[in-house]
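Asker: A single structure is presented below for examination.
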Amino acid sequence: AGKRSYETVDGDPMQSRIYTLDNGLKVYLPVNKETPRIQTYIPVRVGGKNDPAETTGLAHYFEHLMFKGTENFGTQNYAEEKPLLDQIEALFEVYRTKTDEAERTAIYRVIDSLSYEASKLSIPNEYDKLMAAIGADGTNAYTSFDVTCYIEDIPANQLENWAKIQADRFKHNVIRGFHTELETVYEEKNMSLTRDSRKLNEAMFSALFKNHPYGTQTVLGTQDHLKNPSITNIKNYYKKWYVPNNMAICMSGDFDYDEVMDVVEKYFGDMQPNKDLQMLSFEPEEPITAPVVKEVWGLEAENVALAWRLPGAASDEALMLSVADAIMNNGKAGLIDLNLLQDQKVLWASSFPYDQADYTSYILQAGPKQGQSLDEVKDLLLAQLDLLRKGEWDESLLTAGIANYKLQVQSMLEDNESRAELFVQSFVNGMNWADMVNRIERMEKITKADVVAFANEYLKDNNYAVVYKRQGQDPNVKKIAKPAITPIFTNRDATSDFLREVQASVVTPIEPVFVDFNKEISKGTVGQLPLLYKKNDLNDIFHLLYVFDFGSFEMKELTTASDYLEYLGTSDMTPADIKQAFYNLAC
């Protein structure tokens, strides 16, 4: 303690420390004393792109199984439970090789029977009880193509209990409740088939990526693979990827650096690395030389999306794209904002970079007004991109874009969740933390000529994919039929020794801090108006609120009238002038 080496970056507003354990585990730590809590993220650098081609959906499915417990919790007697779980695993390996439906049904009936017996020994929701015992909030996890990440927000005095629980499930995971959780994954897949936005994204990625798993498979997996799961494959996947040299702990909150590292080393330090771990290798994509056209159908409103392919999130091109996108669409004064939305030429429109570790996608999307065709909308979007390439935009958008990015960053650093998420992005995308810290400085060196040259090289009028989202019944939707499952034992009142130990642990109480509003809030007047003021000691942002002592109960028209403000000017300024002025102020 006090002698560990760590990395820092000059100019880091969070004054973060980045530690690396001997087994390769990265630990990202910025202190934030604003509240007595700690936001925790544990990203594992593996996701849908790493799924074996014959069992897609595996990363996402295993994310679900990580909540089912370990050898120490989630079970009443693991020694008795294990033989049943082994039999279930072996039967699934037989089941997935069979094609005769009668034979498959007979095998699944045995699996169901064994799962029923195993459920008598399990405690299905004990992880939730553990989190409740330590006062955790926001229990969650997510799987994307590049990462599987586990999230908790904990009281500052429960750090050791949190580490004890998390280390146990990362080191001693047990796959139980498999066939019932499979039903949940089936339902998630079925629901995705009716979500037009997901269908559009999958079509878009399949057009952009002919070789990379971003386009050749999906995070949720195919229906055939979900219907033929392999517990053995999942166990091998867990052993390969859930290792300390492929993981990070990203935390932000009220803690002492040395205390955190003592706890992390105590519980995670004995995890064994995979010294033969190889990152995903893939054949580079061929250039797109003509628009790739796709079409999807669904019951939601029509829209059209265009997408370009660029290098990954850690590249200089991805940084340049973020600057170019602020000129295209910044919510106030971008080319799309003023030329399409302010002038009401489309129903809605947006643009955004989709950053991923191996490739970045740039997406323009819009919905048509009544009577407008999707091709007309597409041409309007391409026209805005043409203005970007030609440099037909005010250079003030560059400096204003950087000022607004500064505002965004300062706002993000106010809360622990956003702070920890920045570390997840850095770790997963292979970005040096110095590049994240110096991002604004790098942006400030970009000139208008740089943006124009970049747009002409990467965002051409022929190297994109276009997906038309048509309105109508999708002929390809075929939901997965769920097999019959016998209801399992929930064992609601059962508890493991592990849970009882956590519940009985004694921690230092957190003392409340009370606010005296008479002392904390300054009062004054501005002309005839009362003024209430509180100095912001966190950063350089100020918030100004005008409060009128009436509302829509008194004036029914007020709600509708306020919607018009966005489209109104003044005697001296057009609506576009006002938006531009506020954007230039980063307001």
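Residues are named by chain letter and number: chains run A, B, ... in the order of the structure tokens, numbers start at 1 in each chain, and ligands are numbered from 1 in the order shown.
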Which neighbours of stretch 379-389 of chain A fall inside 9 Å, counting only C-alpha atoms, when residues of the same chain fewer than 4 positions from it are skipped, and could you give them as a VMD selection string?

Answerer: chain A and resid 306 324 327 to 328 335 to 336 339 to 340 345 to 346 349 364 to 366 374 to 375 393 451 to 456 459 to 461

Asker: List as number ranges by chain the protein and nucleic acid residues near A:Asn404, meaning an atom at most 10 Å away when only C-alpha atoms are counted, but skip any in the same chain fewer than 4 places from it.

Answerer: A: 326, 330, 398-400, 408-410, 583-587

Asker: How about saving the chosen residues, C-alpha atoms kept, as a PDB file, in the first residue's frame?

Answerer:
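Output file out.pdb follows:
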ATOM      1  CA  ALA A 326     -20.843  18.482 -35.129  1.00  0.00           C
ATOM      2  CA  ASN A 330     -25.365  19.438 -33.448  1.00  0.00           C
ATOM      3  CA  LEU A 398     -15.600  24.496 -35.815  1.00  0.00           C
ATOM      4  CA  THR A 399     -14.762  26.608 -32.769  1.00  0.00           C
ATOM      5  CA  ALA A 400     -18.353  26.434 -31.561  1.00  0.00           C
ATOM      6  CA  GLN A 408     -20.486  18.119 -22.823  1.00  0.00           C
ATOM      7  CA  VAL A 409     -17.320  16.754 -21.195  1.00  0.00           C
ATOM      8  CA  GLN A 410     -17.655  18.972 -18.127  1.00  0.00           C
ATOM      9  CA  TYR A 583     -24.532  27.326 -30.298  1.00  0.00           C
ATOM     10  CA  ASN A 584     -21.562  29.687 -30.636  1.00  0.00           C
ATOM     11  CA  LEU A 585     -21.842  30.339 -26.883  1.00  0.00           C
ATOM     12  CA  ALA A 586     -21.932  26.576 -26.199  1.00  0.00           C
ATOM     13  CA  CYS A 587     -25.267  27.313 -24.549  1.00  0.00           C
TER      14      CYS A 587
END

Asker: Go through A:Ile249, A:Ile165, A:Ile18, A:Ala465 and flag the residue nearest A:Val293, using only C-alpha atoms for the distances.

Answerer: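 Nearest to A:Val293: A:Ala465.
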
Asker: Can you work out which one of A:Lys378, A:Lys266, A:Arg176, A:Lys275 has the shortest atom-to-atom distance to A:Glu81, counting only C-alpha atoms?

Answerer: A:Arg176

Asker: Would you please extract all strand (DSSP E) residues from stretch 57-199 of chain A, as assigned by DSSP on the backbone, and give them as a count of residues only?

Answerer: 15

Asker: What's around A:Met131 at 12 Å? Count only C-alpha atoms, leave out sequence neighbours fewer than 5 positions away in its own chain, and write the answer as a PDB file with N, CA and C atoms, in the first residue's frame.

Answerer:
ATOM      1  N   PHE A  67     -25.519 -14.029 -13.845  1.00  0.00           N
ATOM      2  CA  PHE A  67     -26.340 -13.632 -12.695  1.00  0.00           C
ATOM      3  C   PHE A  67     -26.930 -14.839 -11.964  1.00  0.00           C
ATOM      4  N   ASN A 125     -32.564 -16.248  -7.512  1.00  0.00           N
ATOM      5  CA  ASN A 125     -32.358 -14.796  -7.495  1.00  0.00           C
ATOM      6  C   ASN A 125     -31.442 -14.344  -6.360  1.00  0.00           C
ATOM      7  N   GLU A 126     -30.490 -15.184  -6.010  1.00  0.00           N
ATOM      8  CA  GLU A 126     -29.666 -14.823  -4.856  1.00  0.00           C
ATOM      9  C   GLU A 126     -28.705 -13.669  -5.158  1.00  0.00           C
ATOM     10  N   ALA A 136     -26.829  -1.898  -3.139  1.00  0.00           N
ATOM     11  CA  ALA A 136     -26.467  -1.585  -4.525  1.00  0.00           C
ATOM     12  C   ALA A 136     -27.673  -1.064  -5.286  1.00  0.00           C
ATOM     13  N   ASP A 137     -27.391  -0.282  -6.314  1.00  0.00           N
ATOM     14  CA  ASP A 137     -28.439   0.291  -7.154  1.00  0.00           C
ATOM     15  C   ASP A 137     -28.011   0.138  -8.610  1.00  0.00           C
ATOM     16  N   GLY A 138     -28.984   0.129  -9.514  1.00  0.00           N
ATOM     17  CA  GLY A 138     -28.668   0.099 -10.941  1.00  0.00           C
ATOM     18  C   GLY A 138     -27.997  -1.179 -11.404  1.00  0.00           C
ATOM     19  N   THR A 139     -28.329  -2.306 -10.790  1.00  0.00           N
ATOM     20  CA  THR A 139     -27.767  -3.583 -11.233  1.00  0.00           C
ATOM     21  C   THR A 139     -28.102  -3.817 -12.697  1.00  0.00           C
ATOM     22  N   ASN A 140     -27.070  -4.042 -13.525  1.00  0.00           N
ATOM     23  CA  ASN A 140     -27.331  -4.178 -14.959  1.00  0.00           C
ATOM     24  C   ASN A 140     -26.121  -4.803 -15.633  1.00  0.00           C
ATOM     25  N   ILE A 151     -22.493  -3.890 -14.273  1.00  0.00           N
ATOM     26  CA  ILE A 151     -22.630  -2.556 -13.684  1.00  0.00           C
ATOM     27  C   ILE A 151     -23.288  -2.632 -12.315  1.00  0.00           C
ATOM     28  N   GLU A 152     -22.720  -1.889 -11.362  1.00  0.00           N
ATOM     29  CA  GLU A 152     -23.330  -1.717 -10.042  1.00  0.00           C
ATOM     30  C   GLU A 152     -22.992  -0.321  -9.512  1.00  0.00           C
ATOM     31  N   ASP A 153     -23.921   0.262  -8.762  1.00  0.00           N
ATOM     32  CA  ASP A 153     -23.693   1.515  -8.035  1.00  0.00           C
ATOM     33  C   ASP A 153     -23.830   1.170  -6.554  1.00  0.00           C
ATOM     34  N   ILE A 154     -22.742   1.316  -5.789  1.00  0.00           N
ATOM     35  CA  ILE A 154     -22.740   0.802  -4.417  1.00  0.00           C
ATOM     36  C   ILE A 154     -22.440   1.907  -3.407  1.00  0.00           C
ATOM     37  N   PRO A 155     -22.889   1.752  -2.155  1.00  0.00           N
ATOM     38  CA  PRO A 155     -22.475   2.674  -1.106  1.00  0.00           C
ATOM     39  C   PRO A 155     -20.959   2.585  -0.888  1.00  0.00           C
ATOM     40  N   GLN A 158     -19.369  -0.222   1.229  1.00  0.00           N
ATOM     41  CA  GLN A 158     -19.599  -1.631   0.890  1.00  0.00           C
ATOM     42  C   GLN A 158     -18.609  -2.137  -0.155  1.00  0.00           C
ATOM     43  N   LEU A 159     -17.482  -1.443  -0.281  1.00  0.00           N
ATOM     44  CA  LEU A 159     -16.504  -1.797  -1.307  1.00  0.00           C
ATOM     45  C   LEU A 159     -16.028  -3.241  -1.183  1.00  0.00           C
ATOM     46  N   ASN A 161     -17.422  -5.901   0.378  1.00  0.00           N
ATOM     47  CA  ASN A 161     -18.460  -6.883   0.063  1.00  0.00           C
ATOM     48  C   ASN A 161     -18.704  -6.965  -1.436  1.00  0.00           C
ATOM     49  N   TRP A 162     -18.709  -5.820  -2.100  1.00  0.00           N
ATOM     50  CA  TRP A 162     -18.896  -5.802  -3.557  1.00  0.00           C
ATOM     51  C   TRP A 162     -17.796  -6.615  -4.240  1.00  0.00           C
ATOM     52  N   ALA A 163     -16.542  -6.363  -3.837  1.00  0.00           N
ATOM     53  CA  ALA A 163     -15.422  -7.065  -4.468  1.00  0.00           C
ATOM     54  C   ALA A 163     -15.490  -8.568  -4.199  1.00  0.00           C
ATOM     55  N   LYS A 164     -15.884  -8.925  -3.007  1.00  0.00           N
ATOM     56  CA  LYS A 164     -15.998 -10.343  -2.656  1.00  0.00           C
ATOM     57  C   LYS A 164     -17.015 -11.043  -3.549  1.00  0.00           C
ATOM     58  N   ILE A 165     -18.158 -10.393  -3.771  1.00  0.00           N
ATOM     59  CA  ILE A 165     -19.229 -10.980  -4.597  1.00  0.00           C
ATOM     60  C   ILE A 165     -18.805 -11.055  -6.058  1.00  0.00           C
ATOM     61  N   GLN A 166     -18.275  -9.941  -6.582  1.00  0.00           N
ATOM     62  CA  GLN A 166     -17.921  -9.911  -7.999  1.00  0.00           C
ATOM     63  C   GLN A 166     -16.792 -10.880  -8.309  1.00  0.00           C
ATOM     64  N   LEU A 499     -24.498 -15.683   1.306  1.00  0.00           N
ATOM     65  CA  LEU A 499     -25.400 -14.546   1.500  1.00  0.00           C
ATOM     66  C   LEU A 499     -25.507 -14.185   2.977  1.00  0.00           C
ATOM     67  N   VAL A 502     -22.527 -12.178   4.072  1.00  0.00           N
ATOM     68  CA  VAL A 502     -22.572 -10.785   3.604  1.00  0.00           C
ATOM     69  C   VAL A 502     -23.587  -9.988   4.430  1.00  0.00           C
ATOM     70  N   GLN A 503     -24.748 -10.597   4.670  1.00  0.00           N
ATOM     71  CA  GLN A 503     -25.779  -9.905   5.450  1.00  0.00           C
ATOM     72  C   GLN A 503     -25.313  -9.611   6.873  1.00  0.00           C
TER      73      GLN A 503
END

Asker: When distances are computed from only C-alpha atoms, which of A:Glu295, A:Glu557, A:Asp276, A:Glu414 shows the smallest separation from A:Trp241?

Answerer: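 Counting only C-alpha atoms, the residue closest to A:Trp241 is A:Asp276.
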
Asker: Can you pull out the residues contacting stretch 221-236 of chain A? Cut-off 6 Å, using only C-alpha atoms, and skip same-chain residues under 5 positions away; I want them as a PyMOL selection string.

Answerer: chain A and resi 55-57+89+96

Asker: Could you list, as a ChimeraX atom specification, every residue within 8 Å of A:Ile521, counting only C-alpha atoms and ignoring same-chain residues fewer than 4 positions away?

Answerer: /A:517,532-534

Asker: Could you name the residues that touch A:Thr8 at 7 Å or less, counting only C-alpha atoms, but leaving out those on the same chain fewer than 2 positions away, as a ChimeraX atom specification?

Answerer: /A:6,10,16-18

Asker: Output C-alpha atoms for every residue in the selection just made, as a CSV table (one decimal), in the first residue's frame.

Answerer:
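In the end it all went to out-v3.csv:
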chain,number,residue,atom,x,y,z
A,6,TYR,CA,0.3,3.6,-11.5
A,10,ASP,CA,-1.1,15.5,-17.2
A,16,SER,CA,-7.3,9.5,-12.5
A,17,ARG,CA,-4.9,6.7,-11.6
A,18,ILE,CA,-4.6,3.6,-13.8

Asker: Can you work out the spacing between atom CA of A:Ala504 and atom CA of A:Asp128 in Å, to one decimal?

Answerer: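 Between atom CA of A:Ala504 and atom CA of A:Asp128 the gap is 16.5 Å.
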
Asker: Taking 4 positions as the minimum chain separation for residues in the same chain, which residues sit within 8 Å of A:Gly298 when counting only C-alpha atoms? Answer as a list in words.

Answerer: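 So, after excluding close chain neighbours, the residues are Thr194, Arg195, Asp196, Lys469, Arg470, Gln471, Gly472, Gln473 and Asp474 of chain A.
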
Asker: For the residues selected in the previous step, produce a file with N, CA, C and O atoms as a short mmCIF file (atom, residue, chain, number, x, y, z; two decimals), in the first residue's frame.

Answerer:
data_model
loop_
_atom_site.label_atom_id
_atom_site.label_comp_id
_atom_site.auth_asym_id
_atom_site.auth_seq_id
_atom_site.Cartn_x
_atom_site.Cartn_y
_atom_site.Cartn_z
N THR A 194 -39.47 -7.77 -34.13
CA THR A 194 -40.53 -6.79 -34.38
C THR A 194 -40.02 -5.36 -34.20
O THR A 194 -40.80 -4.42 -34.34
N ARG A 195 -38.75 -5.20 -33.87
CA ARG A 195 -38.19 -3.86 -33.69
C ARG A 195 -37.51 -3.43 -34.98
O ARG A 195 -36.44 -3.92 -35.34
N ASP A 196 -38.13 -2.49 -35.64
CA ASP A 196 -37.64 -2.09 -36.95
C ASP A 196 -36.25 -1.47 -36.87
O ASP A 196 -35.44 -1.63 -37.79
N LYS A 469 -36.27 1.64 -44.83
CA LYS A 469 -37.17 0.98 -43.89
C LYS A 469 -38.59 1.24 -44.35
O LYS A 469 -39.14 2.31 -44.18
N ARG A 470 -39.19 0.23 -45.01
CA ARG A 470 -40.53 0.35 -45.58
C ARG A 470 -41.57 0.01 -44.52
O ARG A 470 -41.30 -0.79 -43.60
N GLN A 471 -42.75 0.55 -44.67
CA GLN A 471 -43.84 0.24 -43.74
C GLN A 471 -44.70 -0.86 -44.33
O GLN A 471 -45.18 -0.77 -45.46
N GLY A 472 -44.88 -1.92 -43.56
CA GLY A 472 -45.69 -3.04 -44.02
C GLY A 472 -45.29 -4.31 -43.28
O GLY A 472 -44.32 -4.34 -42.52
N GLN A 473 -46.05 -5.35 -43.48
CA GLN A 473 -45.80 -6.62 -42.81
C GLN A 473 -44.48 -7.22 -43.27
O GLN A 473 -44.21 -7.27 -44.47
N ASP A 474 -43.67 -7.64 -42.34
CA ASP A 474 -42.39 -8.26 -42.67
C ASP A 474 -42.61 -9.74 -42.97
O ASP A 474 -42.99 -10.51 -42.08
#

Asker: Mind pulling up the distance from atom CA of A:Leu321 to atom CA of A:Tyr362?

Answerer: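 Taking atom CA of A:Tyr362 and atom CA of A:Leu321, their separation equals 7.9 Å.
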
Asker: I'd like a table as a Markdown table: residues in stretch 67-184 of chain A with an atom no more than 10 Å from stretch 479-496 of chain A, each row giving the shortest atom pair and its distance in Å to one decimal, only C-alpha atoms counted, sorted by chain and rising residue number.

Answerer:
| residue | atom | partner | partner_atom | distance |
| --- | --- | --- | --- | --- |
| A:Asn72 | CA | A:Ser496 | CA | 7.4 |
| A:Phe73 | CA | A:Ser496 | CA | 5.7 |
| A:Gly74 | CA | A:Ser496 | CA | 7.0 |
| A:Thr75 | CA | A:Ser496 | CA | 6.5 |
| A:Gln76 | CA | A:Ser496 | CA | 5.8 |
| A:Asn77 | CA | A:Ser496 | CA | 8.5 |
| A:Thr105 | CA | A:Pro483 | CA | 8.3 |
| A:Tyr108 | CA | A:Pro483 | CA | 8.1 |
| A:Arg109 | CA | A:Ala484 | CA | 8.3 |
| A:Ile111 | CA | A:Ile485 | CA | 9.6 |
| A:Asp112 | CA | A:Ile485 | CA | 6.3 |
| A:Ser113 | CA | A:Thr486 | CA | 7.8 |
| A:Ser115 | CA | A:Ile488 | CA | 7.7 |
| A:Tyr116 | CA | A:Ile488 | CA | 5.5 |
| A:Glu117 | CA | A:Ile488 | CA | 8.4 |
| A:Ala118 | CA | A:Ile488 | CA | 8.8 |
| A:Ser119 | CA | A:Phe489 | CA | 5.4 |
| A:Lys120 | CA | A:Phe489 | CA | 5.6 |
| A:Leu121 | CA | A:Asn491 | CA | 8.3 |
| A:Ser122 | CA | A:Asn491 | CA | 7.4 |
| A:Ile123 | CA | A:Asn491 | CA | 5.8 |
| A:Pro124 | CA | A:Thr490 | CA | 6.2 |
| A:Asn125 | CA | A:Arg492 | CA | 8.0 |
| A:Glu126 | CA | A:Thr495 | CA | 7.5 |
| A:Lys129 | CA | A:Thr495 | CA | 9.2 |
| A:Gly177 | CA | A:Ile488 | CA | 8.8 |
| A:His179 | CA | A:Ile485 | CA | 8.1 |
| A:Thr180 | CA | A:Ile485 | CA | 7.4 |
| A:Leu182 | CA | A:Lys482 | CA | 9.1 |
| A:Glu183 | CA | A:Lys482 | CA | 6.6 |
| A:Thr184 | CA | A:Lys482 | CA | 9.8 |

Asker: Please produce a file of the residues just selected, as a tab-separated table (two decimals), in the first residue's frame, where the atoms kept are N, CA, C and O atoms.

Answerer:
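Wrote it out as part_14.tsv, contents follow:
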chain	number	residue	atom	x	y	z
A	72	ASN	N	-20.61	-20.97	-4.67
A	72	ASN	CA	-20.81	-20.54	-3.29
A	72	ASN	C	-22.15	-19.88	-3.02
A	72	ASN	O	-22.63	-19.89	-1.90
A	73	PHE	N	-22.76	-19.27	-4.04
A	73	PHE	CA	-24.09	-18.69	-3.86
A	73	PHE	C	-24.96	-19.04	-5.06
A	73	PHE	O	-24.46	-19.40	-6.13
A	74	GLY	N	-26.27	-18.94	-4.86
A	74	GLY	CA	-27.20	-19.40	-5.89
A	74	GLY	C	-27.49	-20.88	-5.76
A	74	GLY	O	-28.20	-21.45	-6.59
A	75	THR	N	-26.94	-21.50	-4.71
A	75	THR	CA	-27.13	-22.93	-4.51
A	75	THR	C	-27.28	-23.23	-3.03
A	75	THR	O	-26.69	-22.55	-2.18
A	76	GLN	N	-28.06	-24.27	-2.74
A	76	GLN	CA	-28.18	-24.74	-1.36
A	76	GLN	C	-27.17	-25.84	-1.05
A	76	GLN	O	-26.78	-26.02	0.10
A	77	ASN	N	-26.73	-26.54	-2.11
A	77	ASN	CA	-25.76	-27.62	-1.91
A	77	ASN	C	-25.13	-27.92	-3.28
A	77	ASN	O	-25.66	-28.72	-4.05
A	105	THR	N	-37.52	-33.84	-29.06
A	105	THR	CA	-38.53	-33.62	-28.02
A	105	THR	C	-38.32	-34.57	-26.85
A	105	THR	O	-38.43	-34.17	-25.68
A	108	TYR	N	-35.30	-33.41	-24.86
A	108	TYR	CA	-35.58	-32.18	-24.11
A	108	TYR	C	-36.46	-32.48	-22.89
A	108	TYR	O	-36.37	-31.80	-21.87
A	109	ARG	N	-37.30	-33.50	-23.02
A	109	ARG	CA	-38.14	-33.87	-21.89
A	109	ARG	C	-37.27	-34.37	-20.72
A	109	ARG	O	-37.54	-34.06	-19.56
A	111	ILE	N	-34.08	-33.42	-20.30
A	111	ILE	CA	-33.40	-32.21	-19.83
A	111	ILE	C	-34.30	-31.43	-18.88
A	111	ILE	O	-33.88	-30.98	-17.81
A	112	ASP	N	-35.55	-31.32	-19.25
A	112	ASP	CA	-36.52	-30.59	-18.42
A	112	ASP	C	-36.69	-31.27	-17.07
A	112	ASP	O	-36.76	-30.61	-16.03
A	113	SER	N	-36.74	-32.60	-17.08
A	113	SER	CA	-36.91	-33.36	-15.84
A	113	SER	C	-35.69	-33.19	-14.92
A	113	SER	O	-35.83	-32.95	-13.72
A	115	SER	N	-33.59	-30.67	-15.01
A	115	SER	CA	-33.55	-29.27	-14.60
A	115	SER	C	-34.51	-29.02	-13.45
A	115	SER	O	-34.23	-28.22	-12.55
A	116	TYR	N	-35.63	-29.71	-13.47
A	116	TYR	CA	-36.60	-29.61	-12.36
A	116	TYR	C	-35.97	-30.11	-11.07
A	116	TYR	O	-36.10	-29.47	-10.02
A	117	GLU	N	-35.27	-31.23	-11.14
A	117	GLU	CA	-34.62	-31.78	-9.95
A	117	GLU	C	-33.50	-30.85	-9.47
A	117	GLU	O	-33.34	-30.62	-8.27
A	118	ALA	N	-32.73	-30.28	-10.42
A	118	ALA	CA	-31.63	-29.38	-10.06
A	118	ALA	C	-32.16	-28.10	-9.42
A	118	ALA	O	-31.52	-27.53	-8.53
A	119	SER	N	-33.34	-27.69	-9.85
A	119	SER	CA	-33.89	-26.43	-9.32
A	119	SER	C	-34.26	-26.55	-7.84
A	119	SER	O	-34.36	-25.54	-7.15
A	120	LYS	N	-34.46	-27.77	-7.37
A	120	LYS	CA	-34.74	-27.95	-5.94
A	120	LYS	C	-33.56	-27.52	-5.08
A	120	LYS	O	-33.72	-27.18	-3.90
A	121	LEU	N	-32.37	-27.51	-5.69
A	121	LEU	CA	-31.15	-27.19	-4.95
A	121	LEU	C	-30.65	-25.77	-5.22
A	121	LEU	O	-29.76	-25.28	-4.54
A	122	SER	N	-31.23	-25.10	-6.22
A	122	SER	CA	-30.73	-23.78	-6.60
A	122	SER	C	-31.48	-22.68	-5.84
A	122	SER	O	-32.53	-22.91	-5.23
A	123	ILE	N	-30.92	-21.47	-5.89
A	123	ILE	CA	-31.58	-20.27	-5.35
A	123	ILE	C	-31.52	-19.24	-6.47
A	123	ILE	O	-30.53	-18.50	-6.60
A	124	PRO	N	-32.54	-19.17	-7.33
A	124	PRO	CA	-32.45	-18.45	-8.60
A	124	PRO	C	-32.07	-16.97	-8.51
A	124	PRO	O	-31.33	-16.48	-9.34
A	125	ASN	N	-32.56	-16.25	-7.51
A	125	ASN	CA	-32.36	-14.80	-7.49
A	125	ASN	C	-31.44	-14.34	-6.36
A	125	ASN	O	-31.58	-13.24	-5.84
A	126	GLU	N	-30.49	-15.18	-6.01
A	126	GLU	CA	-29.67	-14.82	-4.86
A	126	GLU	C	-28.70	-13.67	-5.16
A	126	GLU	O	-28.34	-12.93	-4.26
A	129	LYS	N	-30.43	-10.65	-4.16
A	129	LYS	CA	-30.48	-10.51	-2.71
A	129	LYS	C	-29.14	-10.01	-2.17
A	129	LYS	O	-29.09	-9.22	-1.22
A	177	GLY	N	-29.84	-23.18	-14.21
A	177	GLY	CA	-31.07	-22.58	-14.74
A	177	GLY	C	-30.98	-22.34	-16.23
A	177	GLY	O	-31.56	-21.40	-16.77
A	179	HIS	N	-31.98	-23.94	-19.13
A	179	HIS	CA	-33.08	-24.02	-20.10
A	179	HIS	C	-34.16	-22.97	-19.81
A	179	HIS	O	-34.85	-22.51	-20.73
A	180	THR	N	-34.32	-22.55	-18.54
A	180	THR	CA	-35.29	-21.49	-18.27
A	180	THR	C	-34.76	-20.13	-18.72
A	180	THR	O	-35.52	-19.29	-19.21
A	182	LEU	N	-32.79	-19.78	-21.18
A	182	LEU	CA	-32.87	-19.87	-22.64
A	182	LEU	C	-34.22	-19.34	-23.12
A	182	LEU	O	-34.32	-18.69	-24.17
A	183	GLU	N	-35.27	-19.61	-22.35
A	183	GLU	CA	-36.60	-19.11	-22.70
A	183	GLU	C	-36.60	-17.58	-22.72
A	183	GLU	O	-37.21	-16.95	-23.58
A	184	THR	N	-35.88	-16.95	-21.76
A	184	THR	CA	-35.76	-15.48	-21.74
A	184	THR	C	-35.04	-14.98	-22.98
A	184	THR	O	-35.45	-13.98	-23.59

Asker: Please compute the atom CA of A:His212-atom CA of A:Val185 distance, one decimal, in Å.

Answerer: 24.1 Å

Asker: Using only C-alpha atoms, find the one residue out of A:Val466, A:Phe514, A:Asn416, A:Thr447 that sits nearest to A:Ala203.

Answerer: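 Of A:Val466, A:Phe514, A:Asn416, A:Thr447, the one nearest A:Ala203, counting only C-alpha atoms, is A:Val466.
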
Asker: Point out the residue among A:Ala106, A:Leu65, A:Cys250, A:Leu91 with the least atom-to-atom distance to A:Asn173, counting only C-alpha atoms.

Answerer: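 Among A:Ala106, A:Leu65, A:Cys250, A:Leu91, it is A:Leu65 that comes nearest to A:Asn173.
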
Asker: Check which residues of stretch 192-273 of chain A sit at most 7 Å from stretch 284-290 of chain A using only C-alpha atoms, and return one row each with the closest pair of atoms and their distance in Å to one decimal, ordered by chain and rising number, as a tab-separated table.

Answerer:
residue	atom	partner	partner_atom	distance
A:Phe209	CA	A:Glu285	CA	6.6
A:Lys210	CA	A:Glu285	CA	6.8
A:Asn211	CA	A:Glu285	CA	6.2

Asker: Take the selection from the previous step and output its residues with C-alpha atoms, as a compact mmCIF listing (two decimals), in the first residue's frame.

Answerer:
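Once written, part-v9.txt looks like this:
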# COMPACT_ATOMS: atom_id res chain seq x y z
CA PHE A 209 -19.15 -5.48 -43.39
CA LYS A 210 -18.85 -8.46 -45.70
CA ASN A 211 -15.97 -10.07 -43.78

Asker: Taking into account only C-alpha atoms, which residue in the set A:Trp297, A:Tyr237, A:Trp308, A:Phe255 is nearest to A:Arg37?

Answerer: A:Phe255

Asker: Apply DSSP to the backbone of this structure and, from stretch 200-313 of chain A, keep only the residues in alpha helix (DSSP H); write these as a PyMOL selection string.

Answerer: chain A and resi 200-208+213-216+223-227+231-241+257-268
